[in-house]
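Student: Below is a structure I'd like to ask you about.
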Amino acid sequence: MQNNPFELDAMDILEGIRPWVEIESPTTEPDAVNRLVDLVEGEFETAGLQVERIPGRGQRGDHLRARTPWGGDGPGILVLGHLDTVHPLGVLHNQLPLRIEGNLVYGPGIADMKGGAYLALNAVRYLMAQGETTPLPITFVYNSDEEVGSRTSKALIEETARQAKHVLVCEPGRNGGSVVTARKGSGRFTVSVTGRPSHSGTNHADGRSALKELAHQILQLEAMTDYERGITVNVGVASGG
């Protein structure tokens, strides 16, 4: 192996992650997400990867697919990640500033999953700096709507995954350094409740509160959680009135 001018240094890596975190990218703000997509696209290209940018739709940001210049078109390794976060614009400068405390680094999306996405790109960049390749081609897919179910990128992910032999996802591991090797399935449902309107003062007895019924339904749904069977039920958003 030849001498490698590209050294792996923890602080250098952190400085590389920093601009990814400092560009806030909530899923619901496509222009903000695309500012990060611009940065990552440029880093892929500078590293020497072949980059395809897939325009977003339905008020979502763009997606990136990048491929190493080696390995041909055969089944290879898919590295899957996302560039969107759940944090609204402004938390970087208020509730969750980028900061280092001991061996921990905090910032919006730094673990889930900007840090992991950057490390995967950096690993390939490290190989290329050594003049090394892998036996299989490596393809990256970084999407911009994972936090809301990857609805506009699902087809892209499925299409690319069908052509892969292995898939690595850049999500954080578990406590103690455990590696996640599988995910349970998920379902998403919308429950609508219709009440009977009446004046809350003079005709209260004639009414039927949809919100009261919704509260009962939420309790019943949450009670379906069974940790021993690995089943979790969560009511994430409720509104009415």
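Identifiers in the structure tokens: chain A, B, ... in order shown; residue index from 1 per chain; ligand index from 1 in order shown.
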If we count only C-alpha atoms and set the cut-off at 12 Å, which residues sit around region 168-176 of chain A, ignoring sequence neighbours fewer than 3 positions away in its own chain? Please answer as a PDB file with N, CA, C and O atoms, in the first residue's frame.

Tutor:
```
ATOM      1  N   GLY A  76     -23.475  -4.251  -6.576  1.00  0.00           N
ATOM      2  CA  GLY A  76     -22.416  -3.786  -5.691  1.00  0.00           C
ATOM      3  C   GLY A  76     -22.928  -3.467  -4.308  1.00  0.00           C
ATOM      4  O   GLY A  76     -23.847  -4.123  -3.796  1.00  0.00           O
ATOM      5  N   ILE A  77     -22.352  -2.443  -3.700  1.00  0.00           N
ATOM      6  CA  ILE A  77     -22.704  -2.015  -2.347  1.00  0.00           C
ATOM      7  C   ILE A  77     -23.493  -0.719  -2.438  1.00  0.00           C
ATOM      8  O   ILE A  77     -23.034   0.253  -3.044  1.00  0.00           O
ATOM      9  N   LEU A  78     -24.661  -0.697  -1.845  1.00  0.00           N
ATOM     10  CA  LEU A  78     -25.466   0.523  -1.763  1.00  0.00           C
ATOM     11  C   LEU A  78     -25.285   1.125  -0.383  1.00  0.00           C
ATOM     12  O   LEU A  78     -25.509   0.458   0.635  1.00  0.00           O
ATOM     13  N   VAL A  79     -24.854   2.374  -0.331  1.00  0.00           N
ATOM     14  CA  VAL A  79     -24.756   3.125   0.921  1.00  0.00           C
ATOM     15  C   VAL A  79     -25.943   4.085   0.957  1.00  0.00           C
ATOM     16  O   VAL A  79     -26.067   4.962   0.091  1.00  0.00           O
ATOM     17  N   LEU A  80     -26.810   3.905   1.945  1.00  0.00           N
ATOM     18  CA  LEU A  80     -28.078   4.625   1.988  1.00  0.00           C
ATOM     19  C   LEU A  80     -28.089   5.597   3.161  1.00  0.00           C
ATOM     20  O   LEU A  80     -27.747   5.237   4.285  1.00  0.00           O
ATOM     21  N   GLY A  81     -28.467   6.832   2.889  1.00  0.00           N
ATOM     22  CA  GLY A  81     -28.534   7.834   3.941  1.00  0.00           C
ATOM     23  C   GLY A  81     -29.532   8.926   3.596  1.00  0.00           C
ATOM     24  O   GLY A  81     -30.103   8.940   2.500  1.00  0.00           O
ATOM     25  N   HIS A  82     -29.725   9.845   4.541  1.00  0.00           N
ATOM     26  CA  HIS A  82     -30.643  10.959   4.270  1.00  0.00           C
ATOM     27  C   HIS A  82     -30.034  12.257   4.772  1.00  0.00           C
ATOM     28  O   HIS A  82     -29.225  12.270   5.706  1.00  0.00           O
ATOM     29  N   LEU A  83     -30.445  13.345   4.138  1.00  0.00           N
ATOM     30  CA  LEU A  83     -29.900  14.663   4.439  1.00  0.00           C
ATOM     31  C   LEU A  83     -30.897  15.560   5.165  1.00  0.00           C
ATOM     32  O   LEU A  83     -30.548  16.667   5.571  1.00  0.00           O
ATOM     33  N   GLY A 109     -29.263  17.034  13.825  1.00  0.00           N
ATOM     34  CA  GLY A 109     -29.036  16.031  12.790  1.00  0.00           C
ATOM     35  C   GLY A 109     -27.637  15.462  12.750  1.00  0.00           C
ATOM     36  O   GLY A 109     -27.312  14.695  11.846  1.00  0.00           O
ATOM     37  N   ILE A 110     -26.785  15.782  13.719  1.00  0.00           N
ATOM     38  CA  ILE A 110     -25.387  15.358  13.627  1.00  0.00           C
ATOM     39  C   ILE A 110     -25.258  13.838  13.741  1.00  0.00           C
ATOM     40  O   ILE A 110     -24.384  13.238  13.116  1.00  0.00           O
ATOM     41  N   ALA A 111     -26.133  13.183  14.525  1.00  0.00           N
ATOM     42  CA  ALA A 111     -26.085  11.727  14.625  1.00  0.00           C
ATOM     43  C   ALA A 111     -27.030  11.091  13.612  1.00  0.00           C
ATOM     44  O   ALA A 111     -26.677  10.113  12.952  1.00  0.00           O
ATOM     45  N   ASP A 112     -28.200  11.638  13.495  1.00  0.00           N
ATOM     46  CA  ASP A 112     -29.214  11.086  12.585  1.00  0.00           C
ATOM     47  C   ASP A 112     -29.556  12.124  11.516  1.00  0.00           C
ATOM     48  O   ASP A 112     -30.452  12.926  11.678  1.00  0.00           O
ATOM     49  N   MET A 113     -28.790  12.081  10.385  1.00  0.00           N
ATOM     50  CA  MET A 113     -27.714  11.145  10.198  1.00  0.00           C
ATOM     51  C   MET A 113     -26.567  11.771   9.408  1.00  0.00           C
ATOM     52  O   MET A 113     -25.906  11.140   8.598  1.00  0.00           O
ATOM     53  N   LYS A 114     -26.371  13.075   9.646  1.00  0.00           N
ATOM     54  CA  LYS A 114     -25.346  13.779   8.873  1.00  0.00           C
ATOM     55  C   LYS A 114     -23.949  13.250   9.167  1.00  0.00           C
ATOM     56  O   LYS A 114     -23.115  13.150   8.258  1.00  0.00           O
ATOM     57  N   GLY A 115     -23.686  12.910  10.444  1.00  0.00           N
ATOM     58  CA  GLY A 115     -22.384  12.372  10.787  1.00  0.00           C
ATOM     59  C   GLY A 115     -22.108  11.069  10.058  1.00  0.00           C
ATOM     60  O   GLY A 115     -21.039  10.870   9.471  1.00  0.00           O
ATOM     61  N   GLY A 116     -23.082  10.162  10.076  1.00  0.00           N
ATOM     62  CA  GLY A 116     -22.912   8.880   9.403  1.00  0.00           C
ATOM     63  C   GLY A 116     -22.773   9.015   7.902  1.00  0.00           C
ATOM     64  O   GLY A 116     -21.964   8.338   7.262  1.00  0.00           O
ATOM     65  N   ALA A 117     -23.575   9.902   7.308  1.00  0.00           N
ATOM     66  CA  ALA A 117     -23.516  10.109   5.860  1.00  0.00           C
ATOM     67  C   ALA A 117     -22.162  10.681   5.454  1.00  0.00           C
ATOM     68  O   ALA A 117     -21.580  10.290   4.428  1.00  0.00           O
ATOM     69  N   TYR A 118     -21.653  11.606   6.264  1.00  0.00           N
ATOM     70  CA  TYR A 118     -20.339  12.175   5.950  1.00  0.00           C
ATOM     71  C   TYR A 118     -19.242  11.125   6.097  1.00  0.00           C
ATOM     72  O   TYR A 118     -18.335  11.031   5.258  1.00  0.00           O
ATOM     73  N   LEU A 119     -19.298  10.322   7.165  1.00  0.00           N
ATOM     74  CA  LEU A 119     -18.266   9.303   7.394  1.00  0.00           C
ATOM     75  C   LEU A 119     -18.207   8.293   6.250  1.00  0.00           C
ATOM     76  O   LEU A 119     -17.123   7.852   5.859  1.00  0.00           O
ATOM     77  N   ALA A 120     -19.368   7.926   5.709  1.00  0.00           N
ATOM     78  CA  ALA A 120     -19.378   6.975   4.593  1.00  0.00           C
ATOM     79  C   ALA A 120     -18.689   7.566   3.370  1.00  0.00           C
ATOM     80  O   ALA A 120     -17.870   6.904   2.713  1.00  0.00           O
ATOM     81  N   LEU A 121     -19.012   8.815   3.054  1.00  0.00           N
ATOM     82  CA  LEU A 121     -18.342   9.480   1.939  1.00  0.00           C
ATOM     83  C   LEU A 121     -16.848   9.607   2.215  1.00  0.00           C
ATOM     84  O   LEU A 121     -16.013   9.378   1.331  1.00  0.00           O
ATOM     85  N   ILE A 138     -19.483   0.888  -5.527  1.00  0.00           N
ATOM     86  CA  ILE A 138     -20.211   1.481  -4.404  1.00  0.00           C
ATOM     87  C   ILE A 138     -21.122   2.583  -4.936  1.00  0.00           C
ATOM     88  O   ILE A 138     -20.674   3.470  -5.666  1.00  0.00           O
ATOM     89  N   THR A 139     -22.383   2.496  -4.577  1.00  0.00           N
ATOM     90  CA  THR A 139     -23.363   3.510  -4.963  1.00  0.00           C
ATOM     91  C   THR A 139     -23.937   4.156  -3.713  1.00  0.00           C
ATOM     92  O   THR A 139     -24.302   3.460  -2.760  1.00  0.00           O
ATOM     93  N   PHE A 140     -23.993   5.471  -3.706  1.00  0.00           N
ATOM     94  CA  PHE A 140     -24.616   6.218  -2.611  1.00  0.00           C
ATOM     95  C   PHE A 140     -25.997   6.696  -3.048  1.00  0.00           C
ATOM     96  O   PHE A 140     -26.149   7.183  -4.172  1.00  0.00           O
ATOM     97  N   VAL A 141     -26.980   6.571  -2.175  1.00  0.00           N
ATOM     98  CA  VAL A 141     -28.266   7.255  -2.348  1.00  0.00           C
ATOM     99  C   VAL A 141     -28.527   8.032  -1.068  1.00  0.00           C
ATOM    100  O   VAL A 141     -28.676   7.448   0.007  1.00  0.00           O
ATOM    101  N   TYR A 142     -28.521   9.359  -1.189  1.00  0.00           N
ATOM    102  CA  TYR A 142     -28.835  10.244  -0.062  1.00  0.00           C
ATOM    103  C   TYR A 142     -30.132  10.973  -0.408  1.00  0.00           C
ATOM    104  O   TYR A 142     -30.166  11.795  -1.338  1.00  0.00           O
ATOM    105  N   ASN A 143     -31.191  10.674   0.352  1.00  0.00           N
ATOM    106  CA  ASN A 143     -32.481  11.279   0.033  1.00  0.00           C
ATOM    107  C   ASN A 143     -32.796  12.429   0.979  1.00  0.00           C
ATOM    108  O   ASN A 143     -32.051  12.707   1.916  1.00  0.00           O
ATOM    109  N   GLU A 146     -36.554  11.295   4.270  1.00  0.00           N
ATOM    110  CA  GLU A 146     -36.607  10.082   5.090  1.00  0.00           C
ATOM    111  C   GLU A 146     -37.429  10.290   6.342  1.00  0.00           C
ATOM    112  O   GLU A 146     -38.148   9.385   6.792  1.00  0.00           O
ATOM    113  N   ILE A 157     -34.999   4.492  -4.186  1.00  0.00           N
ATOM    114  CA  ILE A 157     -34.334   3.565  -3.274  1.00  0.00           C
ATOM    115  C   ILE A 157     -34.558   2.130  -3.714  1.00  0.00           C
ATOM    116  O   ILE A 157     -33.616   1.321  -3.778  1.00  0.00           O
ATOM    117  N   ALA A 161     -31.703  -0.401  -4.920  1.00  0.00           N
ATOM    118  CA  ALA A 161     -31.462  -1.545  -4.042  1.00  0.00           C
ATOM    119  C   ALA A 161     -31.563  -2.865  -4.806  1.00  0.00           C
ATOM    120  O   ALA A 161     -30.845  -3.823  -4.489  1.00  0.00           O
ATOM    121  N   ALA A 164     -28.287  -3.957  -6.075  1.00  0.00           N
ATOM    122  CA  ALA A 164     -27.203  -4.053  -5.094  1.00  0.00           C
ATOM    123  C   ALA A 164     -27.098  -5.455  -4.522  1.00  0.00           C
ATOM    124  O   ALA A 164     -28.089  -6.192  -4.416  1.00  0.00           O
ATOM    125  N   LYS A 165     -25.883  -5.808  -4.143  1.00  0.00           N
ATOM    126  CA  LYS A 165     -25.634  -7.077  -3.465  1.00  0.00           C
ATOM    127  C   LYS A 165     -25.696  -6.897  -1.947  1.00  0.00           C
ATOM    128  O   LYS A 165     -26.106  -7.790  -1.216  1.00  0.00           O
ATOM    129  N   VAL A 179     -24.314  -2.852  16.273  1.00  0.00           N
ATOM    130  CA  VAL A 179     -24.630  -2.542  14.882  1.00  0.00           C
ATOM    131  C   VAL A 179     -26.062  -2.974  14.590  1.00  0.00           C
ATOM    132  O   VAL A 179     -26.476  -4.074  14.974  1.00  0.00           O
ATOM    133  N   VAL A 180     -26.825  -2.136  13.933  1.00  0.00           N
ATOM    134  CA  VAL A 180     -28.196  -2.470  13.553  1.00  0.00           C
ATOM    135  C   VAL A 180     -28.153  -3.264  12.252  1.00  0.00           C
ATOM    136  O   VAL A 180     -27.622  -2.799  11.240  1.00  0.00           O
ATOM    137  N   THR A 181     -28.703  -4.473  12.268  1.00  0.00           N
ATOM    138  CA  THR A 181     -28.689  -5.327  11.078  1.00  0.00           C
ATOM    139  C   THR A 181     -30.070  -5.537  10.482  1.00  0.00           C
ATOM    140  O   THR A 181     -30.198  -6.162   9.433  1.00  0.00           O
ATOM    141  N   ALA A 182     -31.119  -5.050  11.137  1.00  0.00           N
ATOM    142  CA  ALA A 182     -32.472  -5.227  10.600  1.00  0.00           C
ATOM    143  C   ALA A 182     -33.385  -4.180  11.208  1.00  0.00           C
ATOM    144  O   ALA A 182     -33.111  -3.625  12.282  1.00  0.00           O
ATOM    145  N   ARG A 183     -34.473  -3.925  10.527  1.00  0.00           N
ATOM    146  CA  ARG A 183     -35.499  -3.012  11.027  1.00  0.00           C
ATOM    147  C   ARG A 183     -36.851  -3.716  10.968  1.00  0.00           C
ATOM    148  O   ARG A 183     -37.100  -4.511  10.063  1.00  0.00           O
TER     149      ARG A 183
END
```

Student: I'd like the neighbourhood of region 210-227 of chain A as a PyMOL selection string, where a residue qualifies if any of its atoms comes within 8 Å (using only C-alpha atoms), though same-chain residues fewer than 2 positions away should be ignored.

Tutor: chain A and resi 193-196+208+229-235+240-241

Student: Could you write out the selected residues, including N, CA, C and O atoms, as an mmCIF file, in the first residue's frame?

Tutor:
```cif
data_model
loop_
_atom_site.group_PDB
_atom_site.id
_atom_site.type_symbol
_atom_site.label_atom_id
_atom_site.label_comp_id
_atom_site.auth_asym_id
_atom_site.auth_seq_id
_atom_site.Cartn_x
_atom_site.Cartn_y
_atom_site.Cartn_z
ATOM 1 N N VAL A 193 -62.425 11.490 13.215
ATOM 2 C CA VAL A 193 -63.563 11.382 14.130
ATOM 3 C C VAL A 193 -64.510 12.550 13.860
ATOM 4 O O VAL A 193 -64.083 13.705 13.783
ATOM 5 N N THR A 194 -65.797 12.255 13.704
ATOM 6 C CA THR A 194 -66.803 13.284 13.451
ATOM 7 C C THR A 194 -67.759 13.360 14.641
ATOM 8 O O THR A 194 -68.318 12.332 15.062
ATOM 9 N N GLY A 195 -67.947 14.529 15.191
ATOM 10 C CA GLY A 195 -68.832 14.700 16.332
ATOM 11 C C GLY A 195 -70.158 15.325 15.934
ATOM 12 O O GLY A 195 -70.508 15.380 14.751
ATOM 13 N N ARG A 196 -70.893 15.765 16.931
ATOM 14 C CA ARG A 196 -72.170 16.454 16.700
ATOM 15 C C ARG A 196 -72.055 17.836 17.338
ATOM 16 O O ARG A 196 -71.910 17.946 18.554
ATOM 17 N N ARG A 208 -71.811 15.966 20.768
ATOM 18 C CA ARG A 208 -70.914 14.824 20.898
ATOM 19 C C ARG A 208 -69.520 15.319 20.509
ATOM 20 O O ARG A 208 -69.297 15.672 19.345
ATOM 21 N N ARG A 229 -43.353 -8.435 22.149
ATOM 22 C CA ARG A 229 -43.520 -8.861 20.752
ATOM 23 C C ARG A 229 -42.868 -7.887 19.777
ATOM 24 O O ARG A 229 -42.887 -8.108 18.575
ATOM 25 N N GLY A 230 -42.293 -6.811 20.313
ATOM 26 C CA GLY A 230 -41.640 -5.845 19.440
ATOM 27 C C GLY A 230 -42.601 -4.955 18.687
ATOM 28 O O GLY A 230 -42.272 -4.430 17.624
ATOM 29 N N ILE A 231 -43.800 -4.772 19.216
ATOM 30 C CA ILE A 231 -44.820 -3.952 18.562
ATOM 31 C C ILE A 231 -44.951 -2.632 19.314
ATOM 32 O O ILE A 231 -45.182 -2.620 20.524
ATOM 33 N N THR A 232 -44.800 -1.536 18.606
ATOM 34 C CA THR A 232 -44.991 -0.227 19.211
ATOM 35 C C THR A 232 -46.003 0.565 18.387
ATOM 36 O O THR A 232 -45.957 0.557 17.157
ATOM 37 N N VAL A 233 -46.917 1.204 19.075
ATOM 38 C CA VAL A 233 -47.946 2.034 18.435
ATOM 39 C C VAL A 233 -47.805 3.437 18.982
ATOM 40 O O VAL A 233 -47.753 3.640 20.203
ATOM 41 N N ASN A 234 -47.722 4.402 18.100
ATOM 42 C CA ASN A 234 -47.509 5.785 18.509
ATOM 43 C C ASN A 234 -48.448 6.709 17.744
ATOM 44 O O ASN A 234 -48.492 6.668 16.503
ATOM 45 N N VAL A 235 -49.220 7.506 18.457
ATOM 46 C CA VAL A 235 -50.032 8.556 17.844
ATOM 47 C C VAL A 235 -49.175 9.815 17.845
ATOM 48 O O VAL A 235 -48.945 10.412 18.891
ATOM 49 N N GLY A 240 -57.826 19.101 16.020
ATOM 50 C CA GLY A 240 -59.269 19.171 15.886
ATOM 51 C C GLY A 240 -59.809 20.428 16.531
ATOM 52 O O GLY A 240 -59.049 21.256 17.047
ATOM 53 N N GLY A 241 -61.142 20.553 16.509
ATOM 54 C CA GLY A 241 -61.755 21.725 17.130
ATOM 55 C C GLY A 241 -62.121 22.757 16.111
ATOM 56 O O GLY A 241 -61.669 22.738 14.976
#
```

Student: Can you work out which one of A:Thr46, A:Thr85, A:Met128, A:Gly74 has the shortest atom-to-atom distance to Trp20 (chain A), counting only C-alpha atoms?

Tutor: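 Closest residue, counting only C-alpha atoms: A:Thr85.
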
Student: Just give me the gap between CA of Trp70 (chain A) and CA of Tyr126 (chain A) in Å, one decimal is fine.

Tutor: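 Answer for the CA of Trp70 (chain A) to CA of Tyr126 (chain A) separation: 14.9 Å.
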